[in-house]
Structure formats: C-alpha cells, structure tokens
file entry-v6.cif (mmCIF, C-alpha atoms)
data_coords
#
loop_
_atom_site.group_PDB
_atom_site.id
_atom_site.type_symbol
_atom_site.label_atom_id
_atom_site.label_comp_id
_atom_site.auth_asym_id
_atom_site.auth_seq_id
_atom_site.Cartn_x
_atom_site.Cartn_y
_atom_site.Cartn_z
ATOM 1 C CA MET P 1118 82.620 39.543 152.177
ATOM 2 C CA ARG P 1119 81.368 43.108 152.222
ATOM 3 C CA ARG P 1120 81.868 45.285 149.179
ATOM 4 C CA PHE P 1121 81.692 48.974 148.439
ATOM 5 C CA SER P 1122 80.531 50.908 145.418
ATOM 6 C CA VAL P 1123 83.116 53.153 143.795
ATOM 7 C CA GLY P 1124 80.378 55.171 142.102
ATOM 8 C CA ALA P 1125 78.442 55.634 145.347
ATOM 9 C CA SER P 1126 81.610 56.630 147.199
ATOM 10 C CA ILE P 1127 82.549 59.301 144.662
ATOM 11 C CA GLY P 1128 78.898 60.378 144.534
ATOM 12 C CA ASP P 1129 78.972 60.905 148.293
ATOM 13 C CA GLY P 1130 81.846 63.320 147.740
ATOM 14 C CA PHE P 1131 79.769 65.387 145.313
ATOM 15 C CA GLY P 1132 76.777 65.067 147.653
ATOM 16 C CA LEU P 1133 78.802 66.493 150.519
ATOM 17 C CA VAL P 1134 79.795 69.503 148.408
ATOM 18 C CA ALA P 1135 76.166 70.048 147.366
ATOM 19 C CA ARG P 1136 74.742 69.702 150.887
ATOM 20 C CA ARG P 1137 77.333 71.725 152.748
ATOM 21 C CA PRO P 1138 78.873 74.350 150.460
ATOM 22 C CA LEU P 1139 79.583 76.726 153.355
ATOM 23 C CA SER P 1140 81.488 74.013 155.212
ATOM 24 C CA VAL P 1141 83.431 73.259 152.027
ATOM 25 C CA PHE P 1142 84.370 76.935 151.782
ATOM 26 C CA VAL P 1143 85.495 77.060 155.430
ATOM 27 C CA TRP P 1144 87.562 73.891 155.094
ATOM 28 C CA GLY P 1145 89.343 75.301 152.061
ATOM 29 C CA LEU P 1146 89.851 78.662 153.732
ATOM 30 C CA LEU P 1147 91.405 77.069 156.815
ATOM 31 C CA LEU P 1148 93.905 75.113 154.761
ATOM 32 C CA LEU P 1149 94.758 78.076 152.527
ATOM 33 C CA ALA P 1150 95.121 80.502 155.443
ATOM 34 C CA PRO P 1151 98.807 79.552 156.023
ATOM 35 C CA VAL P 1152 99.424 79.976 152.282
ATOM 36 C CA PHE P 1153 97.876 83.439 152.341
ATOM 37 C CA GLY P 1154 99.962 84.226 155.412
ATOM 38 C CA GLY P 1155 103.108 83.089 153.630
ATOM 39 C CA LEU P 1156 102.348 85.323 150.656
ATOM 40 C CA ALA P 1157 101.806 88.250 153.003
ATOM 41 C CA LEU P 1158 105.276 87.598 154.397
ATOM 42 C CA ILE P 1159 107.133 87.017 151.151
ATOM 43 C CA PHE P 1160 105.907 90.039 149.191
ATOM 44 C CA PRO P 1161 107.444 92.699 151.515
ATOM 45 C CA THR P 1162 110.656 90.668 151.827
ATOM 46 C CA MET P 1163 111.035 90.274 148.071
ATOM 47 C CA GLY P 1164 110.284 93.978 147.689
ATOM 48 C CA GLU P 1165 113.163 94.802 150.049
ATOM 49 C CA MET P 1166 115.496 92.495 148.130
ATOM 50 C CA PHE P 1167 114.665 94.164 144.804
ATOM 51 C CA ALA P 1168 114.998 97.607 146.361
ATOM 52 C CA ASN P 1169 118.472 96.739 147.704
ATOM 53 C CA MET P 1170 119.768 95.274 144.461
ATOM 54 C CA PRO P 1171 122.667 97.402 143.127
ATOM 55 C CA ALA P 1172 122.299 99.230 139.864
ATOM 56 C CA ALA P 1173 124.078 97.923 136.788
ATOM 57 C CA GLY P 1174 127.800 98.683 137.007
ATOM 58 C CA ALA P 1175 127.705 99.580 140.690
ATOM 59 C CA ASP P 1176 130.536 98.513 143.007
ATOM 60 C CA ALA P 1177 129.307 95.302 144.650
ATOM 61 C CA ALA P 1178 131.660 95.841 147.577
ATOM 62 C CA VAL P 1179 130.096 99.223 148.323
ATOM 63 C CA ASP P 1180 126.499 98.505 147.380
ATOM 64 C CA ASP P 1181 125.980 95.176 149.132
ATOM 65 C CA PRO P 1182 122.596 93.864 147.906
ATOM 66 C CA PHE P 1183 122.282 91.683 151.010
ATOM 67 C CA PRO P 1184 123.194 93.681 154.092
ATOM 68 C CA GLU P 1185 123.160 92.127 157.542
ATOM 69 C CA GLN P 1186 119.657 93.454 158.201
ATOM 70 C CA MET P 1187 118.437 91.689 155.060
ATOM 71 C CA PHE P 1188 119.846 88.360 156.207
ATOM 72 C CA ALA P 1189 118.173 88.812 159.579
ATOM 73 C CA ARG P 1190 114.897 89.578 157.831
ATOM 74 C CA MET P 1191 115.211 86.444 155.690
ATOM 75 C CA MET P 1192 115.872 84.306 158.770
ATOM 76 C CA GLN P 1193 112.751 85.695 160.404
ATOM 77 C CA VAL P 1194 110.712 84.893 157.308
ATOM 78 C CA GLN P 1195 112.105 81.336 157.239
ATOM 79 C CA LEU P 1196 111.167 80.849 160.895
ATOM 80 C CA ALA P 1197 107.685 82.189 160.219
ATOM 81 C CA TYR P 1198 107.365 79.834 157.252
ATOM 82 C CA MET P 1199 108.331 76.894 159.425
ATOM 83 C CA LEU P 1200 105.649 77.816 161.963
ATOM 84 C CA LEU P 1201 103.115 78.229 159.149
ATOM 85 C CA ASN P 1202 103.995 74.784 157.806
ATOM 86 C CA ILE P 1203 103.504 73.244 161.247
ATOM 87 C CA SER P 1204 100.190 75.031 161.657
ATOM 88 C CA GLN P 1205 99.089 73.796 158.220
ATOM 89 C CA LEU P 1206 99.771 70.191 159.266
ATOM 90 C CA VAL P 1207 97.635 70.672 162.376
ATOM 91 C CA ILE P 1208 94.872 72.308 160.337
ATOM 92 C CA MET P 1209 95.075 69.479 157.820
ATOM 93 C CA ALA P 1210 94.384 66.911 160.546
ATOM 94 C CA VAL P 1211 91.448 68.994 161.807
ATOM 95 C CA VAL P 1212 89.924 69.499 158.338
ATOM 96 C CA TYR P 1213 90.405 65.895 157.231
ATOM 97 C CA THR P 1214 88.718 64.744 160.424
ATOM 98 C CA ALA P 1215 85.859 67.193 159.838
ATOM 99 C CA ILE P 1216 85.273 65.706 156.368
ATOM 100 C CA PHE P 1217 85.388 62.169 157.767
ATOM 101 C CA ARG P 1218 82.961 63.177 160.505
ATOM 102 C CA ALA P 1219 80.585 64.867 158.050
ATOM 103 C CA VAL P 1220 80.312 61.599 156.105
ATOM 104 C CA LEU P 1221 80.517 59.056 158.913
ATOM 105 C CA ARG P 1222 78.707 60.820 161.740
ATOM 106 C CA PRO P 1223 76.495 63.505 160.151
ATOM 107 C CA ALA P 1224 74.107 63.473 163.129
ATOM 108 C CA GLU P 1225 76.757 64.990 165.397
ATOM 109 C CA SER P 1226 76.488 68.690 166.051
ATOM 110 C CA GLY P 1227 79.367 71.049 165.469
ATOM 111 C CA ILE P 1228 80.281 74.172 163.563
ATOM 112 C CA PHE P 1229 81.243 72.921 160.078
ATOM 113 C CA SER P 1230 81.978 69.522 161.752
ATOM 114 C CA LEU P 1231 85.159 71.094 163.138
ATOM 115 C CA ARG P 1232 86.508 70.126 166.528
ATOM 116 C CA LEU P 1233 89.800 69.709 168.314
ATOM 117 C CA GLY P 1234 89.807 66.492 170.269
ATOM 118 C CA MET P 1235 90.733 62.824 170.247
ATOM 119 C CA ASP P 1236 89.386 62.209 166.735
ATOM 120 C CA GLU P 1237 91.780 64.813 165.363
ATOM 121 C CA LEU P 1238 94.652 63.335 167.387
ATOM 122 C CA ARG P 1239 93.919 59.855 166.088
ATOM 123 C CA VAL P 1240 93.793 61.028 162.470
ATOM 124 C CA ALA P 1241 97.056 62.935 162.935
ATOM 125 C CA VAL P 1242 98.826 59.929 164.483
ATOM 126 C CA VAL P 1243 97.512 57.524 161.841
ATOM 127 C CA GLY P 1244 98.427 59.925 159.040
ATOM 128 C CA LEU P 1245 101.932 60.367 160.461
ATOM 129 C CA ALA P 1246 102.368 56.602 160.765
ATOM 130 C CA ILE P 1247 101.268 56.076 157.148
ATOM 131 C CA ALA P 1248 103.598 58.851 155.948
ATOM 132 C CA VAL P 1249 106.579 57.390 157.823
ATOM 133 C CA ALA P 1250 105.853 53.883 156.560
ATOM 134 C CA LEU P 1251 105.504 55.067 152.959
ATOM 135 C CA TYR P 1252 108.704 57.105 153.249
ATOM 136 C CA ALA P 1253 110.555 54.023 154.488
ATOM 137 C CA VAL P 1254 109.141 51.952 151.620
ATOM 138 C CA ILE P 1255 110.160 54.621 149.089
ATOM 139 C CA VAL P 1256 113.707 54.690 150.467
ATOM 140 C CA VAL P 1257 114.002 50.885 150.270
ATOM 141 C CA VAL P 1258 112.538 50.809 146.752
ATOM 142 C CA ALA P 1259 114.924 53.572 145.637
ATOM 143 C CA LEU P 1260 117.940 51.735 147.074
ATOM 144 C CA LEU P 1261 116.900 48.480 145.411
ATOM 145 C CA GLY P 1262 116.421 50.340 142.139
ATOM 146 C CA ALA P 1263 119.883 51.874 142.414
ATOM 147 C CA ALA P 1264 121.417 48.445 143.116
ATOM 148 C CA LEU P 1265 119.535 46.948 140.151
ATOM 149 C CA GLY P 1266 120.696 49.772 137.907
ATOM 150 C CA PHE P 1267 124.360 49.320 138.862
ATOM 151 C CA ALA P 1268 124.064 45.561 138.366
ATOM 152 C CA LEU P 1269 122.492 45.835 134.891
ATOM 153 C CA TRP P 1270 124.433 48.784 133.526
ATOM 154 C CA SER P 1271 127.581 46.742 133.002
ATOM 155 C CA GLY P 1272 125.710 44.762 130.326
ATOM 156 C CA ASP P 1273 123.534 46.037 127.500
ATOM 157 C CA PRO P 1274 122.533 49.674 128.257
ATOM 158 C CA LEU P 1275 119.288 49.287 126.282
ATOM 159 C CA VAL P 1276 118.234 46.262 128.323
ATOM 160 C CA ALA P 1277 119.200 48.092 131.496
ATOM 161 C CA ALA P 1278 117.126 51.128 130.508
ATOM 162 C CA TRP P 1279 114.047 49.001 129.754
ATOM 163 C CA ALA P 1280 114.489 47.050 132.981
ATOM 164 C CA MET P 1281 114.834 50.210 135.054
ATOM 165 C CA GLY P 1282 111.780 51.716 133.363
ATOM 166 C CA ALA P 1283 109.723 48.613 134.156
ATOM 167 C CA TYR P 1284 111.010 48.613 137.714
ATOM 168 C CA ALA P 1285 110.133 52.276 138.181
ATOM 169 C CA LEU P 1286 106.619 51.708 136.824
ATOM 170 C CA LEU P 1287 106.033 48.709 139.092
ATOM 171 C CA ALA P 1288 107.444 50.622 142.049
ATOM 172 C CA VAL P 1289 105.091 53.570 141.501
ATOM 173 C CA LEU P 1290 102.104 51.252 141.070
ATOM 174 C CA GLY P 1291 103.096 49.347 144.207
ATOM 175 C CA ILE P 1292 103.399 52.507 146.279
ATOM 176 C CA PHE P 1293 100.021 53.757 145.079
ATOM 177 C CA TRP P 1294 98.483 50.352 145.805
ATOM 178 C CA ALA P 1295 99.974 50.371 149.303
ATOM 179 C CA THR P 1296 98.544 53.850 149.862
ATOM 180 C CA ALA P 1297 95.118 52.629 148.740
ATOM 181 C CA ARG P 1298 95.432 49.564 150.961
ATOM 182 C CA ALA P 1299 96.067 51.817 153.970
ATOM 183 C CA SER P 1300 93.381 54.356 153.022
ATOM 184 C CA MET P 1301 90.807 52.962 155.482
ATOM 185 C CA LEU P 1302 92.974 53.501 158.570
ATOM 186 C CA ALA P 1303 92.205 57.200 159.084
ATOM 187 C CA PRO P 1304 88.429 57.133 158.410
ATOM 188 C CA ALA P 1305 88.099 53.947 160.487
ATOM 189 C CA SER P 1306 89.759 55.762 163.388
ATOM 190 C CA VAL P 1307 86.957 58.346 163.252
ATOM 191 C CA LEU P 1308 84.265 55.720 162.704
ATOM 192 C CA TYR P 1309 85.295 53.507 165.625
ATOM 193 C CA ARG P 1310 86.665 56.311 167.844
ATOM 194 C CA ASP P 1311 89.915 54.430 168.259
ATOM 195 C CA PHE P 1312 93.366 54.106 166.721
ATOM 196 C CA ALA P 1313 91.869 51.737 164.175
ATOM 197 C CA PHE P 1314 95.015 50.282 162.623
ATOM 198 C CA VAL P 1315 93.630 46.754 162.896
ATOM 199 C CA GLN P 1316 90.009 47.609 162.009
ATOM 200 C CA GLY P 1317 90.985 49.781 159.054
ATOM 201 C CA TRP P 1318 93.412 47.191 157.717
ATOM 202 C CA ARG P 1319 90.751 44.486 157.969
ATOM 203 C CA LEU P 1320 88.154 46.647 156.227
ATOM 204 C CA ALA P 1321 90.497 47.093 153.258
ATOM 205 C CA SER P 1322 91.441 43.411 153.156
ATOM 206 C CA GLY P 1323 90.789 42.132 149.648
ATOM 207 C CA LYS P 1324 89.791 45.638 148.513
ATOM 208 C CA GLY P 1325 93.234 46.945 147.575
ATOM 209 C CA TRP P 1326 92.621 47.012 143.824
ATOM 210 C CA PRO P 1327 89.101 48.533 144.002
ATOM 211 C CA LEU P 1328 90.445 51.208 146.360
ATOM 212 C CA PHE P 1329 93.383 51.723 144.010
ATOM 213 C CA GLY P 1330 90.980 52.114 141.093
ATOM 214 C CA MET P 1331 88.891 54.621 143.043
ATOM 215 C CA MET P 1332 92.051 56.565 143.868
ATOM 216 C CA LEU P 1333 92.963 56.749 140.173
ATOM 217 C CA LEU P 1334 89.438 57.847 139.221
ATOM 218 C CA ILE P 1335 89.504 60.573 141.867
ATOM 219 C CA LEU P 1336 92.931 61.709 140.682
ATOM 220 C CA LEU P 1337 91.757 61.830 137.069
ATOM 221 C CA LEU P 1338 88.605 63.706 138.064
ATOM 222 C CA ILE P 1339 90.572 66.267 140.049
ATOM 223 C CA VAL P 1340 93.092 66.753 137.234
ATOM 224 C CA VAL P 1341 90.247 67.498 134.815
ATOM 225 C CA ILE P 1342 88.625 69.900 137.292
ATOM 226 C CA GLU P 1343 91.911 71.667 137.983
ATOM 227 C CA VAL P 1344 92.760 72.045 134.289
ATOM 228 C CA VAL P 1345 89.375 73.652 133.641
ATOM 229 C CA LEU P 1346 89.715 75.897 136.696
ATOM 230 C CA VAL P 1347 93.251 76.931 135.752
ATOM 231 C CA LEU P 1348 92.138 77.934 132.268
ATOM 232 C CA ILE P 1349 89.205 79.908 133.678
ATOM 233 C CA GLY P 1350 91.488 81.461 136.295
ATOM 234 C CA LEU P 1351 94.064 82.544 133.719
ATOM 235 C CA VAL P 1352 91.413 84.190 131.577
ATOM 236 C CA ALA P 1353 89.849 85.904 134.585
ATOM 237 C CA PHE P 1354 93.245 86.990 135.939
ATOM 238 C CA ALA P 1355 94.251 88.430 132.580
ATOM 239 C CA GLY P 1356 90.979 90.338 132.302
ATOM 240 C CA PHE P 1357 90.898 91.624 135.875
ATOM 241 C CA GLY P 1358 94.638 92.346 135.863
ATOM 242 C CA ALA P 1359 94.348 94.436 132.719
ATOM 243 C CA ALA P 1360 91.319 96.294 134.097
ATOM 244 C CA ALA P 1361 93.030 96.971 137.421
ATOM 245 C CA GLY P 1362 96.371 97.978 135.930
ATOM 246 C CA LEU P 1363 98.372 95.002 137.186
ATOM 247 C CA HIS P 1364 100.579 95.122 134.072
ATOM 248 C CA ARG P 1365 101.940 98.471 135.224
ATOM 249 C CA VAL P 1366 102.988 96.961 138.552
ATOM 250 C CA ALA P 1367 104.994 94.252 136.773
ATOM 251 C CA ASP P 1368 107.131 96.743 134.868
ATOM 252 C CA GLY P 1369 110.686 96.779 136.213
ATOM 253 C CA ASP P 1370 110.516 95.807 139.878
ATOM 254 C CA PRO P 1371 107.457 93.524 140.140
ATOM 255 C CA PHE P 1372 107.138 94.177 143.872
ATOM 256 C CA SER P 1373 107.598 97.935 143.993
ATOM 257 C CA GLY P 1374 103.941 98.809 143.515
ATOM 258 C CA MET P 1375 102.376 95.577 144.694
ATOM 259 C CA GLU P 1376 101.287 96.840 148.118
ATOM 260 C CA ALA P 1377 99.657 99.910 146.611
ATOM 261 C CA TRP P 1378 97.933 97.787 143.961
ATOM 262 C CA LEU P 1379 96.638 95.340 146.573
ATOM 263 C CA ALA P 1380 95.326 98.192 148.714
ATOM 264 C CA ALA P 1381 93.551 99.770 145.751
ATOM 265 C CA ASN P 1382 92.092 96.489 144.491
ATOM 266 C CA TRP P 1383 91.485 94.655 147.761
ATOM 267 C CA TYR P 1384 88.012 93.591 146.669
ATOM 268 C CA TRP P 1385 89.406 91.603 143.739
ATOM 269 C CA VAL P 1386 91.897 90.003 146.082
ATOM 270 C CA ALA P 1387 89.099 89.105 148.511
ATOM 271 C CA ILE P 1388 86.934 87.660 145.729
ATOM 272 C CA GLY P 1389 89.857 85.638 144.389
ATOM 273 C CA ALA P 1390 90.745 84.337 147.868
ATOM 274 C CA ALA P 1391 87.122 83.337 148.523
ATOM 275 C CA ALA P 1392 86.832 81.568 145.166
ATOM 276 C CA ALA P 1393 90.154 79.774 145.701
ATOM 277 C CA SER P 1394 89.054 78.692 149.188
ATOM 278 C CA PHE P 1395 85.807 77.167 147.945
ATOM 279 C CA LEU P 1396 87.455 75.453 144.971
ATOM 280 C CA TYR P 1397 90.231 74.061 147.157
ATOM 281 C CA GLY P 1398 87.678 72.879 149.696
ATOM 282 C CA MET P 1399 85.683 71.225 146.898
ATOM 283 C CA VAL P 1400 88.735 69.394 145.532
ATOM 284 C CA LEU P 1401 89.668 68.343 149.065
ATOM 285 C CA SER P 1402 86.150 67.056 149.770
ATOM 286 C CA LEU P 1403 86.080 65.087 146.527
ATOM 287 C CA SER P 1404 89.455 63.577 147.475
ATOM 288 C CA VAL P 1405 88.691 62.624 151.085
ATOM 289 C CA ALA P 1406 84.951 61.980 151.375
ATOM 290 C CA PRO P 1407 84.872 58.935 149.030
ATOM 291 C CA PHE P 1408 87.223 57.020 151.307
ATOM 292 C CA ALA P 1409 85.060 57.807 154.329
ATOM 293 C CA SER P 1410 82.029 56.591 152.374
ATOM 294 C CA ALA P 1411 83.853 53.383 151.380
ATOM 295 C CA CYS P 1412 84.814 52.853 155.019
ATOM 296 C CA ARG P 1413 81.175 53.198 156.102
ATOM 297 C CA GLN P 1414 79.996 50.802 153.393
ATOM 298 C CA LEU P 1415 82.621 48.199 154.288
ATOM 299 C CA ALA P 1416 81.819 48.449 157.992
ATOM 300 C CA GLY P 1417 78.093 47.979 157.287
ATOM 301 C CA ARG P 1418 75.899 47.328 160.309
ATOM 302 C CA ASP P 1419 78.957 46.962 162.533
ATOM 303 C CA ALA P 1420 79.662 50.661 162.181
ATOM 304 C CA PRO P 1421 78.392 52.882 164.995
ATOM 305 C CA GLY P 1422 75.928 55.570 163.963
ATOM 306 C CA VAL P 1423 74.313 53.713 161.053
ATOM 307 C CA ASP P 1424 70.919 52.114 160.631
ATOM 308 C CA GLU P 1425 70.197 48.478 159.762
ATOM 309 C CA ALA P 1426 70.747 49.177 156.061
ATOM 310 C CA GLY P 1427 74.242 50.526 156.750
ATOM 311 C CA SER P 1428 73.297 54.146 155.977
ATOM 312 C CA PRO P 1429 74.301 57.009 158.313
ATOM 313 C CA VAL P 1430 71.665 58.110 160.789
ATOM 314 C CA PRO P 1431 70.440 61.553 159.677
ATOM 315 C CA ALA P 1432 70.625 64.559 161.954
ATOM 316 C CA GLN P 1433 67.558 65.181 164.032
#

call {"tool": "encode", "arguments": {"input": "entry-v6.cif", "output": "structure tokens"}}
result
Amino acid sequence: MRRFSVGASIGDGFGLVARRPLSVFVWGLLLLAPVFGGLALIFPTMGEMFANMPAAGADAAVDDPFPEQMFARMMQVQLAYMLLNISQLVIMAVVYTAIFRAVLRPAESGIFSLRLGMDELRVAVVGLAIAVALYAVIVVVALLGAALGFALWSGDPLVAAWAMGAYALLAVLGIFWATARASMLAPASVLYRDFAFVQGWRLASGKGWPLFGMMLLILLLIVVIEVVLVLIGLVAFAGFGAAAGLHRVADGDPFSGMEAWLAANWYWVAIGAAAASFLYGMVLSLSVAPFASACRQLAGRDAPGVDEAGSPVPAQ
C-alpha cells in the first residue's frame, strides 16, 4: 500500500511559494479581483445612502431616505454582486487547477500555469459534486440531530445537552473526515486528465485519517499565519491611516470623503492590494498544493509525468 508524507506534502506547498512567488501573487490577485470590484461598487452606493438619510427630526414622509432611484441602484448593485460571485467561482476553478498543475505537471508550459480548458472543467465539476454531496450530508446530519434533540429533551435536560454536544462534535469530525477522504478527487482529475472520481477515491482509500490530520495541520498553520498578518495589518493600517488623514474621513459620514481620500492616496491602496493579493495567494497555495503533492505521492509510478522514483519530471 502506497503512503504519503504529510511533512513532504506541506513542504511542497512552501516550496511552490518559494519557487514561483509571481505566480502566487497572480493567483491571489485573480481571486481577489471580484472582491475589489465589489468594494468599488459598494462604496459609491453606501455614500448615496448616507447622503440621502434625513436629518434628525426631519419628516420621514417628505424626506424619504430611500427614493425609487435608490432602490433601483441597490438592485443594480445586487445584480452586479451576483455576477461577481459567479465569476469568482469560475476563477476559483481556474486558479485551483493552476496550483494542481504547478505541482503535478510542472514541465508543462503556460503563463502562471493558467489555462481555460478541460482540466478546469473537470476540477469545477468535481468540486461542484463534492460541494453538493457535502451539503446533502450536512442536511441529513442536521435533521438527525434535530430528531435526537427532540427525543432526548423530554428527559433530563443535562443529559440531552451533553448528548447533543457529543453528537455535534462527532458530526463536525465526520464531515471534516469525509472532506479529507474526497480531497484526492480534484487533483487526481488533473493528474489523470479525466473525471477521476474512481481513481481519486482509490488513492485516498485507507488514507482518510492521515489526510484529515494534514487538513488540520494546514488549518492550524493558516490560522497562525493569518493572526500574525492581521496584527501586522492593523498596525500598518493605523500608521498609514493616521499619516494619510483617514481618521478625518471617518468623522460623521464615513463615505463622504472616501473617494477623494482614495484618489489622493491611491499608491497606498495599490500597495495594500498587492500585498493582500500575494498573501492570499500564499495562503491558497499552502492550502491546495499539499493535496496535489499527496496525490502525486500516492499515485507513484502510475502517475503520468513522473520519473521512476515518483518525482515530477522537471521542466526542460
């Protein structure tokens, strides 16, 4: 039975970030682009809402804070948000596939390993299937939990509370384990160039708990990284905001002077967006690449594009 190394898999994630920092930046930028677009939409809309709010003591019937034009504007923003969400799902499939490809088939040419083809379609279909299956499992687990709660609550409430707590804990662990068990489906689809439901499931056979452990280690690692980055970001934001006069914008209407502040301090905005893109791309790479590495290790010599030792063939 083939095995995989959790340490080597996570190390491959760090190795990918070290080898291809520009690709990491582009991947993060692509996924954050819809978020930046959403912020660009919401700031003017919120500014209009604050501007149309009636003054204290004004007649609400005369000074309607939400005129018909405002409702139409909000509907347009909601439609734009829906399109941005759809585009982000498409971009997510493309970026995830690029990370899989960078680990599994590094010899292939391509700008930042990005493409739009059958690999991306396979990853999107597999990801959608996993999401639907997990959603169905969550619904069933929630219904069973509700039935168990109603059945136990007629007795001792303390026993019922402990039982429901244990059930909730087991349910969460089971869902995470099921996610880990299905984690080879998407990278295997890139590795074998097929809808690898069967191959991916077989690769993870008997590896559910190691994959679950790797998932927890990655989650813990990312939480630590994000806590450190948030603290650094808050300090930097406070310093840059004070230097650029952001506190004056927040007085009263927080949106009234935002556009002028952004125009005057666009370079800080650009630096912040670039830093956020790289950091998001790094966290994403550390989350996705280890599973591609584990898939390659479990496939071994049977995997296309590897040498006799099971290592990826380097680019020429």

call {"tool": "atom_distance", "arguments": {"input": "entry-v6.cif", "atom1": "atom CA of Ile1228 of chain P", "atom2": "atom CA of Val1141 of chain P"}}
result
12.0 Å

call {"tool": "resolve_selection", "arguments": {"input": "entry-v6.cif", "expression": "the PyMOL selection byres ((chain P and resi 1289-1292) around 12)", "output": "ChimeraX atom specification"}}
result
/P:1247-1248,1250-1259,1262,1282-1288,1293-1299,1325-1326,1329-1330,1332-1333

call {"tool": "residues_around", "arguments": {"input": "entry-v6.cif", "residues": "Leu1201 of chain P", "least_positions_apart": "2", "cutoff": "10 Å", "atoms": "all atoms listed in the file", "output": "list in words"}}
result
Ala1150, Pro1151, Val1152, Gly1154, Gly1155, Gln1195, Leu1196, Ala1197, Tyr1198, Met1199, Ile1203, Ser1204, Gln1205, Leu1206 and Val1207 of chain P

call {"tool": "residues_near_point", "arguments": {"input": "entry-v6.cif", "point": "(81.0, 46.8, 146.1)", "cutoff": "12 Å", "atoms": "only C-alpha atoms", "output": "MDAnalysis selection string"}}
result
chainID P and resid 1118:1126 1321 1323:1324 1326:1328 1331 1410:1415 1417

call {"tool": "resolve_selection", "arguments": {"input": "entry-v6.cif", "expression": "the PyMOL selection byres ((chain P and resi 1229) around 9)", "output": "list in words"}}
result
Arg1137, Leu1139, Ser1140, Val1141, Val1143, Trp1144, Ala1215, Ala1219, Ser1226, Gly1227, Ile1228, Ser1230, Leu1231 and Arg1232 of chain P

call {"tool": "atom_distance", "arguments": {"input": "entry-v6.cif", "atom1": "atom CA of Phe1314 of chain P", "atom2": "atom CA of Glu1237 of chain P"}}
result
15.1 Å

call {"tool": "resolve_selection", "arguments": {"input": "entry-v6.cif", "expression": "the PyMOL selection byres ((chain P and resi 1409) around 9)", "output": "list of chain:residue names"}}
result
P:Ser1126, P:Ile1216, P:Phe1217, P:Arg1218, P:Val1220, P:Leu1221, P:Met1301, P:Ala1303, P:Pro1304, P:Ala1305, P:Leu1308, P:Val1405, P:Ala1406, P:Pro1407, P:Phe1408, P:Ser1410, P:Ala1411, P:Cys1412, P:Arg1413, P:Gln1414

call {"tool": "atom_distance", "arguments": {"input": "entry-v6.cif", "atom1": "atom CA of Val1340 of chain P", "atom2": "atom CA of Ile1388 of chain P"}}
result
23.4 Å

call {"tool": "closest_residue", "arguments": {"input": "entry-v6.cif", "among": "P:Val1345, P:Ala1241, P:Ala1416, P:Met1209", "to": "Gln1316 of chain P", "atoms": "only C-alpha atoms"}}
result
P:Ala1416

call {"tool": "residues_around", "arguments": {"input": "entry-v6.cif", "residues": "Arg1239 of chain P", "least_positions_apart": "5", "cutoff": "12 Å", "atoms": "all atoms listed in the file", "output": "list in words"}}
result
Ala1210, Val1211, Tyr1213, Thr1214, Leu1233, Gly1234, Gly1244, Leu1245, Ala1246, Leu1302, Ala1303, Pro1304, Ala1305, Ser1306, Val1307, Leu1308, Tyr1309, Arg1310, Asp1311, Phe1312, Ala1313 and Phe1314 of chain P

call {"tool": "closest_residue", "arguments": {"input": "entry-v6.cif", "among": "P:Val1212, P:Ala1135, P:Ala1268, P:Ile1127", "to": "Leu1148 of chain P", "atoms": "only C-alpha atoms"}}
result
P:Val1212

call {"tool": "residues_near_point", "arguments": {"input": "entry-v6.cif", "point": "(86.8, 80.4, 145.5)", "cutoff": "12 Å", "atoms": "all atoms listed in the file", "output": "MDAnalysis selection string"}}
result
chainID P and resid 1138:1139 1141:1146 1149 1346 1350 1385:1400

call {"tool": "axis_aligned_box", "arguments": {"input": "entry-v6.cif", "around": "segment 1394-1412 of chain P", "padding_each_side": "5 Å", "output": "AutoDock Vina command-line options"}}
result
--center_x 86.1 --center_y 65.8 --center_z 150.0 --size_x 18.2 --size_y 35.8 --size_z 20.0

call {"tool": "decode", "arguments": {"input": "entry-v6.cif", "residues": "segment 1294-1304 of chain P", "atoms": "N, CA, C and O atoms", "output": "PDB file, in the first residue's frame"}}
result
ATOM      1  N   TRP P1294     -13.723  14.639   8.090  1.00  0.00           N
ATOM      2  CA  TRP P1294     -13.095  13.400   7.618  1.00  0.00           C
ATOM      3  C   TRP P1294     -13.575  13.072   6.207  1.00  0.00           C
ATOM      4  O   TRP P1294     -12.775  12.654   5.351  1.00  0.00           O
ATOM      5  N   ALA P1295     -14.861  13.237   5.961  1.00  0.00           N
ATOM      6  CA  ALA P1295     -15.395  12.972   4.620  1.00  0.00           C
ATOM      7  C   ALA P1295     -14.781  13.924   3.593  1.00  0.00           C
ATOM      8  O   ALA P1295     -14.478  13.519   2.457  1.00  0.00           O
ATOM      9  N   THR P1296     -14.580  15.172   3.984  1.00  0.00           N
ATOM     10  CA  THR P1296     -13.930  16.126   3.082  1.00  0.00           C
ATOM     11  C   THR P1296     -12.505  15.690   2.777  1.00  0.00           C
ATOM     12  O   THR P1296     -12.052  15.746   1.628  1.00  0.00           O
ATOM     13  N   ALA P1297     -11.780  15.242   3.817  1.00  0.00           N
ATOM     14  CA  ALA P1297     -10.417  14.756   3.603  1.00  0.00           C
ATOM     15  C   ALA P1297     -10.411  13.514   2.727  1.00  0.00           C
ATOM     16  O   ALA P1297      -9.541  13.347   1.854  1.00  0.00           O
ATOM     17  N   ARG P1298     -11.381  12.648   2.933  1.00  0.00           N
ATOM     18  CA  ARG P1298     -11.460  11.404   2.153  1.00  0.00           C
ATOM     19  C   ARG P1298     -11.697  11.692   0.677  1.00  0.00           C
ATOM     20  O   ARG P1298     -11.242  10.935  -0.199  1.00  0.00           O
ATOM     21  N   ALA P1299     -12.393  12.791   0.383  1.00  0.00           N
ATOM     22  CA  ALA P1299     -12.672  13.156  -1.009  1.00  0.00           C
ATOM     23  C   ALA P1299     -11.656  14.142  -1.574  1.00  0.00           C
ATOM     24  O   ALA P1299     -11.802  14.605  -2.702  1.00  0.00           O
ATOM     25  N   SER P1300     -10.605  14.455  -0.816  1.00  0.00           N
ATOM     26  CA  SER P1300      -9.680  15.515  -1.215  1.00  0.00           C
ATOM     27  C   SER P1300      -8.794  15.145  -2.393  1.00  0.00           C
ATOM     28  O   SER P1300      -8.152  16.023  -2.968  1.00  0.00           O
ATOM     29  N   MET P1301      -8.716  13.865  -2.750  1.00  0.00           N
ATOM     30  CA  MET P1301      -7.883  13.446  -3.881  1.00  0.00           C
ATOM     31  C   MET P1301      -8.622  13.498  -5.217  1.00  0.00           C
ATOM     32  O   MET P1301      -8.003  13.339  -6.276  1.00  0.00           O
ATOM     33  N   LEU P1302      -9.936  13.724  -5.191  1.00  0.00           N
ATOM     34  CA  LEU P1302     -10.704  13.671  -6.433  1.00  0.00           C
ATOM     35  C   LEU P1302     -10.294  14.771  -7.414  1.00  0.00           C
ATOM     36  O   LEU P1302     -10.086  14.508  -8.607  1.00  0.00           O
ATOM     37  N   ALA P1303     -10.186  16.004  -6.924  1.00  0.00           N
ATOM     38  CA  ALA P1303      -9.854  17.120  -7.819  1.00  0.00           C
ATOM     39  C   ALA P1303      -8.418  17.035  -8.339  1.00  0.00           C
ATOM     40  O   ALA P1303      -8.199  17.124  -9.551  1.00  0.00           O
ATOM     41  N   PRO P1304      -7.391  16.869  -7.483  1.00  0.00           N
ATOM     42  CA  PRO P1304      -6.040  16.764  -8.030  1.00  0.00           C
ATOM     43  C   PRO P1304      -5.864  15.539  -8.924  1.00  0.00           C
ATOM     44  O   PRO P1304      -5.114  15.591  -9.917  1.00  0.00           O
TER      45      PRO P1304
END
